[in-house]
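Containing PDB, C-alpha atoms: structure.pdb.
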ATOM      1  CA  MET A   1       0.000   0.000   0.000
ATOM      2  CA  ALA A   2       1.032   3.601  -0.565
ATOM      3  CA  ASN A   3      -0.715   6.872   0.099
ATOM      4  CA  VAL A   4      -1.549   9.418  -2.609
ATOM      5  CA  ASN A   5      -2.292  13.137  -2.264
ATOM      6  CA  ALA A   6      -5.406  13.271  -4.457
ATOM      7  CA  PRO A   7      -8.394  10.897  -4.729
ATOM      8  CA  GLU A   8      -8.137  10.583  -8.522
ATOM      9  CA  LEU A   9      -4.513   9.416  -8.264
ATOM     10  CA  ALA A  10      -5.675   6.205  -6.590
ATOM     11  CA  LYS A  11      -7.370   5.094  -9.817
ATOM     12  CA  MET A  12      -4.441   6.257 -11.956
ATOM     13  CA  TYR A  13      -1.925   4.214  -9.967
ATOM     14  CA  ALA A  14      -4.305   1.254  -9.689
ATOM     15  CA  ASP A  15      -4.500   1.136 -13.489
ATOM     16  CA  LEU A  16      -0.726   1.575 -13.772
ATOM     17  CA  PHE A  17       0.135  -1.228 -11.341
ATOM     18  CA  CYS A  18      -2.882  -3.477 -12.102
ATOM     19  CA  CYS A  19      -4.188  -3.543  -8.558
ATOM     20  CA  SER A  20      -7.131  -2.246  -6.526
ATOM     21  CA  LYS A  21      -7.410   1.482  -5.903
ATOM     22  CA  ASP A  22      -7.999   0.542  -2.261
ATOM     23  CA  CYS A  23      -4.227   0.103  -2.073
ATOM     24  CA  PHE A  24      -3.818   3.897  -2.247
ATOM     25  CA  PRO A  25      -5.417   5.746   0.703
ATOM     26  CA  VAL A  26      -5.541   9.528   0.358
ATOM     27  CA  VAL A  27      -3.321  11.627   2.616
ATOM     28  CA  TYR A  28      -2.865  15.293   1.684
ATOM     29  CA  ASP A  29       0.487  17.075   1.800
ATOM     30  CA  SER A  30       0.583  19.248   4.910
ATOM     31  CA  MET A  31       1.605  22.865   4.577
ATOM     32  CA  GLU A  32       2.077  25.727   7.008
ATOM     33  CA  ILE A  33       4.014  28.963   6.585
ATOM     34  CA  SER A  34       5.935  30.995   9.130
ATOM     35  CA  SER A  35       4.432  34.105  10.693
ATOM     36  CA  GLN A  36       7.237  36.112   9.073
ATOM     37  CA  LEU A  37       6.364  34.875   5.605
ATOM     38  CA  ARG A  38       2.661  35.382   6.272
ATOM     39  CA  SER A  39       3.288  38.998   7.296
ATOM     40  CA  LEU A  40       5.201  39.569   4.055
ATOM     41  CA  GLY A  41       2.230  38.322   2.084
ATOM     42  CA  GLU A  42      -0.104  40.643   3.968
ATOM     43  CA  CYS A  43       2.036  43.736   3.339
ATOM     44  CA  GLN A  44       1.193  46.279   0.664
ATOM     45  CA  LYS A  45       2.634  45.133  -2.677
ATOM     46  CA  ASN A  46       5.305  47.523  -3.912
ATOM     47  CA  GLU A  47       4.754  46.494  -7.528
ATOM     48  CA  PHE A  48       2.469  44.198  -9.485
ATOM     49  CA  TYR A  49       4.005  41.044 -10.903
ATOM     50  CA  VAL A  50       3.091  37.463 -11.735
ATOM     51  CA  PHE A  51       5.180  34.747 -10.085
ATOM     52  CA  PHE A  52       6.358  31.579 -11.826
ATOM     53  CA  GLY A  53       8.761  29.248 -10.060
ATOM     54  CA  GLY A  54       9.925  25.821  -9.018
ATOM     55  CA  ARG A  55      11.508  22.887 -10.803
ATOM     56  CA  ALA A  56       9.417  19.724 -11.075
ATOM     57  CA  GLU A  57       7.577  19.427 -14.418
ATOM     58  CA  ARG A  58       7.304  23.184 -14.973
ATOM     59  CA  ASP A  59       6.197  24.094 -18.488
ATOM     60  CA  VAL A  60       8.672  26.902 -19.160
ATOM     61  CA  GLU A  61       7.793  27.127 -22.851
ATOM     62  CA  CYS A  62       4.122  27.698 -21.979
ATOM     63  CA  MET A  63       5.160  30.338 -19.457
ATOM     64  CA  ALA A  64       7.161  32.127 -22.153
ATOM     65  CA  ARG A  65       4.119  32.150 -24.457
ATOM     66  CA  ILE A  66       1.986  33.601 -21.656
ATOM     67  CA  ALA A  67       4.468  36.378 -20.880
ATOM     68  CA  LYS A  68       4.821  37.204 -24.579
ATOM     69  CA  GLN A  69       1.046  37.720 -24.858
ATOM     70  CA  MET A  70       1.065  40.074 -21.840
ATOM     71  CA  PRO A  71       3.891  42.526 -22.675
ATOM     72  CA  ASN A  72       2.665  45.162 -20.203
ATOM     73  CA  VAL A  73       2.709  42.763 -17.240
ATOM     74  CA  LYS A  74       5.859  41.953 -15.276
ATOM     75  CA  PHE A  75       6.695  38.284 -14.654
ATOM     76  CA  VAL A  76       9.194  37.058 -12.068
ATOM     77  CA  CYS A  77      10.499  33.581 -12.855
ATOM     78  CA  VAL A  78      12.488  31.651 -10.247
ATOM     79  CA  ILE A  79      13.860  28.516 -11.897
ATOM     80  CA  GLY A  80      16.855  26.189 -12.147
ATOM     81  CA  THR A  81      19.741  26.664 -14.569
ATOM     82  CA  ASN A  82      18.680  23.728 -16.736
ATOM     83  CA  MET A  83      15.214  25.268 -17.220
ATOM     84  CA  LEU A  84      16.384  28.477 -18.867
ATOM     85  CA  ILE A  85      15.299  28.805 -22.505
ATOM     86  CA  PRO A  86      16.032  31.645 -24.977
ATOM     87  CA  THR A  87      12.354  32.462 -25.627
ATOM     88  CA  LEU A  88      11.888  33.246 -21.932
ATOM     89  CA  GLN A  89      15.251  34.919 -21.464
ATOM     90  CA  ASN A  90      14.694  37.357 -24.346
ATOM     91  CA  LEU A  91      11.372  38.765 -23.116
ATOM     92  CA  PRO A  92      11.755  42.311 -21.694
ATOM     93  CA  ASN A  93       8.876  41.900 -19.215
ATOM     94  CA  VAL A  94      10.407  38.787 -17.591
ATOM     95  CA  GLU A  95      12.784  38.983 -14.617
ATOM     96  CA  ILE A  96      14.654  35.693 -14.079
ATOM     97  CA  TYR A  97      16.306  34.360 -10.920
ATOM     98  CA  ILE A  98      18.397  31.198 -11.116
ATOM     99  CA  ASP A  99      18.950  28.695  -8.273
ATOM    100  CA  ILE A 100      18.284  31.151  -5.469
ATOM    101  CA  PRO A 101      18.008  30.081  -1.770
ATOM    102  CA  GLN A 102      14.618  28.864  -0.501
ATOM    103  CA  ASP A 103      14.067  31.951   1.683
ATOM    104  CA  ASP A 104      14.609  34.227  -1.324
ATOM    105  CA  PHE A 105      12.292  32.041  -3.397
ATOM    106  CA  ASN A 106       9.573  32.416  -0.759
ATOM    107  CA  MET A 107      10.071  36.194  -0.598
ATOM    108  CA  LYS A 108       9.648  36.524  -4.366
ATOM    109  CA  LEU A 109       6.434  34.519  -4.093
ATOM    110  CA  ALA A 110       5.141  36.474  -1.075
ATOM    111  CA  HIS A 111       5.606  39.832  -2.807
ATOM    112  CA  SER A 112       3.805  38.750  -5.987
ATOM    113  CA  SER A 113       0.234  39.618  -6.944
ATOM    114  CA  LEU A 114      -0.618  36.476  -8.928
ATOM    115  CA  CYS A 115       0.836  32.975  -9.113
ATOM    116  CA  CYS A 116       0.864  31.302 -12.518
ATOM    117  CA  ILE A 117       2.601  27.935 -12.854
ATOM    118  CA  PRO A 118       1.916  25.937 -16.026
ATOM    119  CA  LEU A 119       2.780  22.236 -15.615
ATOM    120  CA  LYS A 120       3.657  19.609 -18.205
ATOM    121  CA  SER A 121       2.701  16.462 -16.295
ATOM    122  CA  LYS A 122      -0.387  14.975 -14.657
ATOM    123  CA  ALA A 123       1.827  13.492 -11.947
ATOM    124  CA  PRO A 124       1.911  15.261  -8.540
ATOM    125  CA  CYS A 125       4.030  18.411  -8.928
ATOM    126  CA  GLY A 126       3.869  22.086  -8.009
ATOM    127  CA  LEU A 127       1.848  21.476  -4.862
ATOM    128  CA  LEU A 128       4.161  23.028  -2.284
ATOM    129  CA  VAL A 129       4.460  26.325  -4.168
ATOM    130  CA  MET A 130       0.730  26.492  -4.825
ATOM    131  CA  GLN A 131      -0.083  25.725  -1.197
ATOM    132  CA  ARG A 132       2.186  28.566  -0.070
ATOM    133  CA  ALA A 133       0.536  30.893  -2.586
ATOM    134  CA  ALA A 134      -2.920  29.971  -1.271
ATOM    135  CA  LEU A 135      -1.850  30.558   2.338
ATOM    136  CA  LEU A 136      -0.381  33.918   1.310
ATOM    137  CA  GLY A 137      -3.660  34.986  -0.303
ATOM    138  CA  ILE A 138      -2.227  35.025  -3.832
ATOM    139  CA  PRO A 139      -4.701  33.926  -6.547
ATOM    140  CA  ILE A 140      -3.581  30.904  -8.579
ATOM    141  CA  VAL A 141      -3.717  30.101 -12.287
ATOM    142  CA  SER A 142      -2.217  26.714 -13.127
ATOM    143  CA  THR A 143      -2.668  23.449 -15.019
ATOM    144  CA  GLU A 144      -5.512  20.998 -14.453
ATOM    145  CA  THR A 145      -4.043  17.992 -12.617
ATOM    146  CA  TYR A 146      -5.420  15.617 -10.010
ATOM    147  CA  SER A 147      -3.248  17.074  -7.258
ATOM    148  CA  MET A 148      -3.964  20.682  -8.174
ATOM    149  CA  ARG A 149      -7.685  20.006  -7.831
ATOM    150  CA  THR A 150      -7.120  19.363  -4.117
ATOM    151  CA  ILE A 151      -6.061  23.016  -3.764
ATOM    152  CA  ILE A 152      -8.337  24.544  -6.417
ATOM    153  CA  PRO A 153     -11.514  22.396  -6.323
ATOM    154  CA  SER A 154     -13.456  24.822  -8.547
ATOM    155  CA  ASP A 155     -13.264  28.263 -10.180
ATOM    156  CA  ASP A 156     -14.367  29.762  -6.866
ATOM    157  CA  TYR A 157     -10.853  29.073  -5.556
ATOM    158  CA  GLY A 158      -8.665  29.918  -8.555
ATOM    159  CA  PHE A 159      -8.317  28.690 -12.122
ATOM    160  CA  LEU A 160      -6.935  25.490 -13.637
ATOM    161  CA  CYS A 161      -6.553  25.228 -17.402
ATOM    162  CA  ALA A 162      -5.768  22.442 -19.848
ATOM    163  CA  GLN A 163      -2.128  21.457 -20.169
ATOM    164  CA  GLY A 164      -0.282  23.777 -22.540
ATOM    165  CA  ASP A 165      -3.255  26.129 -22.982
ATOM    166  CA  ASP A 166      -1.441  29.451 -22.722
ATOM    167  CA  LYS A 167      -4.384  31.413 -24.149
ATOM    168  CA  ALA A 168      -6.736  30.195 -21.405
ATOM    169  CA  MET A 169      -4.172  31.116 -18.748
ATOM    170  CA  VAL A 170      -3.747  34.577 -20.232
ATOM    171  CA  ASP A 171      -7.526  35.004 -20.172
ATOM    172  CA  LYS A 172      -7.731  33.955 -16.491
ATOM    173  CA  LEU A 173      -4.835  36.181 -15.453
ATOM    174  CA  THR A 174      -6.431  39.113 -17.270
ATOM    175  CA  LEU A 175      -9.786  38.374 -15.626
ATOM    176  CA  LEU A 176      -8.227  38.436 -12.145
ATOM    177  CA  MET A 177      -6.332  41.627 -12.920
ATOM    178  CA  ASN A 178      -9.490  43.417 -14.082
ATOM    179  CA  ASP A 179     -11.944  42.207 -11.430
ATOM    180  CA  ALA A 180     -10.924  43.169  -7.893
ATOM    181  CA  ASN A 181     -13.935  41.441  -6.315
ATOM    182  CA  LEU A 182     -13.133  38.154  -8.048
ATOM    183  CA  TYR A 183      -9.444  38.525  -7.157
ATOM    184  CA  HIS A 184     -10.189  38.842  -3.434
ATOM    185  CA  LYS A 185     -12.931  36.186  -3.471
ATOM    186  CA  VAL A 186     -10.824  33.381  -4.947
ATOM    187  CA  ALA A 187      -7.842  34.334  -2.763
ATOM    188  CA  ALA A 188      -9.963  34.204   0.402
ATOM    189  CA  ASN A 189     -11.650  30.932  -0.600
ATOM    190  CA  ALA A 190      -8.353  29.188  -1.387
ATOM    191  CA  LYS A 191      -6.831  30.387   1.883
ATOM    192  CA  GLU A 192      -9.805  29.090   3.876
ATOM    193  CA  HIS A 193      -9.678  25.791   1.970
ATOM    194  CA  MET A 194      -6.079  25.270   3.123
ATOM    195  CA  LYS A 195      -7.331  24.462   6.627
ATOM    196  CA  GLN A 196      -7.605  20.830   5.568
ATOM    197  CA  PHE A 197      -3.846  20.779   4.899
ATOM    198  CA  THR A 198      -2.720  21.643   8.445
ATOM    199  CA  LYS A 199      -0.472  19.221  10.334
ATOM    200  CA  GLU A 200      -3.375  18.312  12.615
ATOM    201  CA  GLU A 201      -5.747  17.494   9.749
ATOM    202  CA  VAL A 202      -3.126  15.556   7.803
ATOM    203  CA  GLY A 203      -2.195  13.717  10.997
ATOM    204  CA  LYS A 204      -5.794  12.523  11.248
ATOM    205  CA  GLN A 205      -5.660  11.364   7.617
ATOM    206  CA  ILE A 206      -2.473   9.387   8.335
ATOM    207  CA  CYS A 207      -4.141   7.708  11.319
ATOM    208  CA  GLN A 208      -7.158   6.825   9.184
ATOM    209  CA  ALA A 209      -4.870   5.362   6.490
ATOM    210  CA  VAL A 210      -2.938   3.283   9.058
ATOM    211  CA  ASN A 211      -6.131   2.008  10.686
ATOM    212  CA  TYR A 212      -7.497   1.116   7.261
ATOM    213  CA  MET A 213      -4.311  -0.779   6.420
ATOM    214  CA  LEU A 214      -4.354  -2.680   9.741
ATOM    215  CA  ALA A 215      -7.980  -3.625   9.231
ATOM    216  CA  ARG A 216      -7.038  -5.277   5.916
ATOM    217  CA  GLN A 217      -4.406  -7.539   7.498
TER     218      GLN A 217
END

This entry written out as C-alpha cells:
Amino acid sequence: MANVNAPELAKMYADLFCCSKDCFPVVYDSMEISSQLRSLGECQKNEFYVFFGGRAERDVECMARIAKQMPNVKFVCVIGTNMLIPTLQNLPNVEIYIDIPQDDFNMKLAHSSLCCIPLKSKAPCGLLVMQRAALLGIPIVSTETYSMRTIIPSDDYGFLCAQGDDKAMVDKLTLLMNDANLYHKVAANAKEHMKQFTKEEVGKQICQAVNYMLARQ
C-alpha cells in the first residue's frame, strides 16, 4: 500500500500497477508557513508582478508564451539553470532568478500579486508552491491535474486550465487583474480551503490510512 495526495490518483496508480485502488489511501500534503512569511504576504505590494517558479515538471515554454502575450505585465520567474530557454530569457517583461536560496524564493512569491505555474505532467508536482501561494492569499492560475484540484476544487478558488493552454491562462490572469472582487474572493476561498492541509488534519488522515491498512491484514 502507498498513500496518494489526491483521490483521482488512486485510480491512476491502480490502473498503472494493475491492482485495486484501495491500495492507495488519500493523505494530503501538509503545509504551514511561518508568521514572518505570512506577514510579508499581507504587506502592501510595492509592484504588481506574476510569479512563476519551481523545478518539477514546470512548463517553461508555456510560461514564455503567456508572458509574450502580456507585454505590459511583469513576470518574475524563479527557476533552475537547466530550465532556462532563450524564448523566456529574451522577453523584456520577464525577470529571471536562477537557483536562489529557498528563503529568497519564498520572498519573491510572497511579494507577488498572482501565481501562474503551467505544468507539463499529470503526476503530482507544483503542490508546495501552490499551497504557499494559497496561504499567502495570492490567486492561482495553473494546469488541471489531479493534485492541483485538491487546492483549487473549482473556479471559486482559482483557475486550472488544460495542459499547454497558454491562451486560457492569459484570459484567467487578465480576468483576475481586471476584477478586484473576483481577485479577493478566490484568494480568500483558497486560503480558507487550506485548513484541511494543516499538520493536525493531515495527521488525522495518516491515522485513518494506518487504521485502514491494519484492518485489511

Please provide the set of residues having any atom within 9 Å of A:Ala56, restricted to all atoms listed in the file, with same-chain residues fewer than 2 positions apart removed, written as a ChimeraX atom specification. /A:54,58,119,125-126

Output for the residues just chosen: C-alpha atoms as a short mmCIF file (atom, residue, chain, number, x, y, z; two decimals), keeping the file's coordinate frame:
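Wrote it out as again_23.cif, contents follow:
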data_model
loop_
_atom_site.label_atom_id
_atom_site.label_comp_id
_atom_site.auth_asym_id
_atom_site.auth_seq_id
_atom_site.Cartn_x
_atom_site.Cartn_y
_atom_site.Cartn_z
CA GLY A 54 9.93 25.82 -9.02
CA ARG A 58 7.30 23.18 -14.97
CA LEU A 119 2.78 22.24 -15.62
CA CYS A 125 4.03 18.41 -8.93
CA GLY A 126 3.87 22.09 -8.01
#

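When all atoms listed in the file are used to measure the gap to A:Pro86, the shortest distance among A:Leu127, A:Ala64, A:Ile206, A:Ile98 belongs to A:Ala64.
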
Where does stretch 119-162 of chain A meet stretch 99-114 of chain A within 9 Å, residue by residue, with the nearest atom pair and distance in Å to one decimal for each, counting all atoms listed in the file, listed by chain and rising number, as JSON lines?
{"residue": "A:Val129", "atom": "CA", "partner": "A:Leu109", "partner_atom": "CA", "distance": 8.4}
{"residue": "A:Arg132", "atom": "CA", "partner": "A:Leu109", "partner_atom": "CA", "distance": 8.3}
{"residue": "A:Ala133", "atom": "CA", "partner": "A:Leu109", "partner_atom": "CA", "distance": 7.1}
{"residue": "A:Leu136", "atom": "CA", "partner": "A:Ala110", "partner_atom": "CA", "distance": 6.5}
{"residue": "A:Gly137", "atom": "CA", "partner": "A:Ala110", "partner_atom": "CA", "distance": 9.0}
{"residue": "A:Ile138", "atom": "CA", "partner": "A:Leu114", "partner_atom": "CA", "distance": 5.5}
{"residue": "A:Pro139", "atom": "CA", "partner": "A:Leu114", "partner_atom": "CA", "distance": 5.4}
{"residue": "A:Ile140", "atom": "CA", "partner": "A:Leu114", "partner_atom": "CA", "distance": 6.3}
{"residue": "A:Val141", "atom": "CA", "partner": "A:Leu114", "partner_atom": "CA", "distance": 7.8}

Starting from the PyMOL selection byres ((chain A and resi 144-153) around 8), expand the selection into actual residues of this file and give them as a list in words.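 With the shown file as input, the PyMOL selection byres ((chain A and resi 144-153) around 8) matches Asn5, Ala6, Pro7, Glu8, Leu9, Ser121, Lys122, Ala123, Pro124, Cys125, Gly126, Leu127, Met130, Gln131, Ser142, Thr143, Ser154, Asp155, Asp156, Tyr157, Gly158, Phe159, Leu160, Cys161, Ala162, Gln163, Ala190, His193 and Met194 of chain A.
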
From A:Ala209, A:Val202, A:Ile66, A:Ile117, residue lying nearest A:Asp166 [only C-alpha atoms]: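 So, comparing all the options, the nearest one is A:Ile66.
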
Report the residues retrieved by the PyMOL selection byres ((chain A and resi 171) around 12) from the displayed file, expressed as a ChimeraX atom specification. /A:66,69-70,116,141,159-161,165-170,172-178

Next, the residues of the selection above should be written as an mmCIF file, keeping the file's coordinate frame with C-alpha atoms.
data_model
loop_
_atom_site.group_PDB
_atom_site.id
_atom_site.type_symbol
_atom_site.label_atom_id
_atom_site.label_comp_id
_atom_site.auth_asym_id
_atom_site.auth_seq_id
_atom_site.Cartn_x
_atom_site.Cartn_y
_atom_site.Cartn_z
ATOM 1 C CA ILE A 66 1.986 33.601 -21.656
ATOM 2 C CA GLN A 69 1.046 37.720 -24.858
ATOM 3 C CA MET A 70 1.065 40.074 -21.840
ATOM 4 C CA CYS A 116 0.864 31.302 -12.518
ATOM 5 C CA VAL A 141 -3.717 30.101 -12.287
ATOM 6 C CA PHE A 159 -8.317 28.690 -12.122
ATOM 7 C CA LEU A 160 -6.935 25.490 -13.637
ATOM 8 C CA CYS A 161 -6.553 25.228 -17.402
ATOM 9 C CA ASP A 165 -3.255 26.129 -22.982
ATOM 10 C CA ASP A 166 -1.441 29.451 -22.722
ATOM 11 C CA LYS A 167 -4.384 31.413 -24.149
ATOM 12 C CA ALA A 168 -6.736 30.195 -21.405
ATOM 13 C CA MET A 169 -4.172 31.116 -18.748
ATOM 14 C CA VAL A 170 -3.747 34.577 -20.232
ATOM 15 C CA LYS A 172 -7.731 33.955 -16.491
ATOM 16 C CA LEU A 173 -4.835 36.181 -15.453
ATOM 17 C CA THR A 174 -6.431 39.113 -17.270
ATOM 18 C CA LEU A 175 -9.786 38.374 -15.626
ATOM 19 C CA LEU A 176 -8.227 38.436 -12.145
ATOM 20 C CA MET A 177 -6.332 41.627 -12.920
ATOM 21 C CA ASN A 178 -9.490 43.417 -14.082
#

Selection dump of the PyMOL selection byres ((chain A and resi 27) around 10), as a ChimeraX atom specification: /A:2-7,24-26,28-30,197,201-209

May I have the centre and edge lengths, in Å to one decimal, of an axis-aligned box around the listed atoms of stretch 21-28 of chain A with 6 Å added to every side, as JSON?
{"center_x": -5.4, "center_y": 7.7, "center_z": -1.6, "size_x": 17.1, "size_y": 27.2, "size_z": 20.5}

How many Å separate atom CA of A:Tyr97 from atom CA of A:Ile79?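 Straight-line distance from atom CA of A:Tyr97 to atom CA of A:Ile79 works out to 6.4 Å.
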
One number please: atom CA of A:Lys199 to atom CA of A:Ser35, in Å, one decimal. 15.7 Å
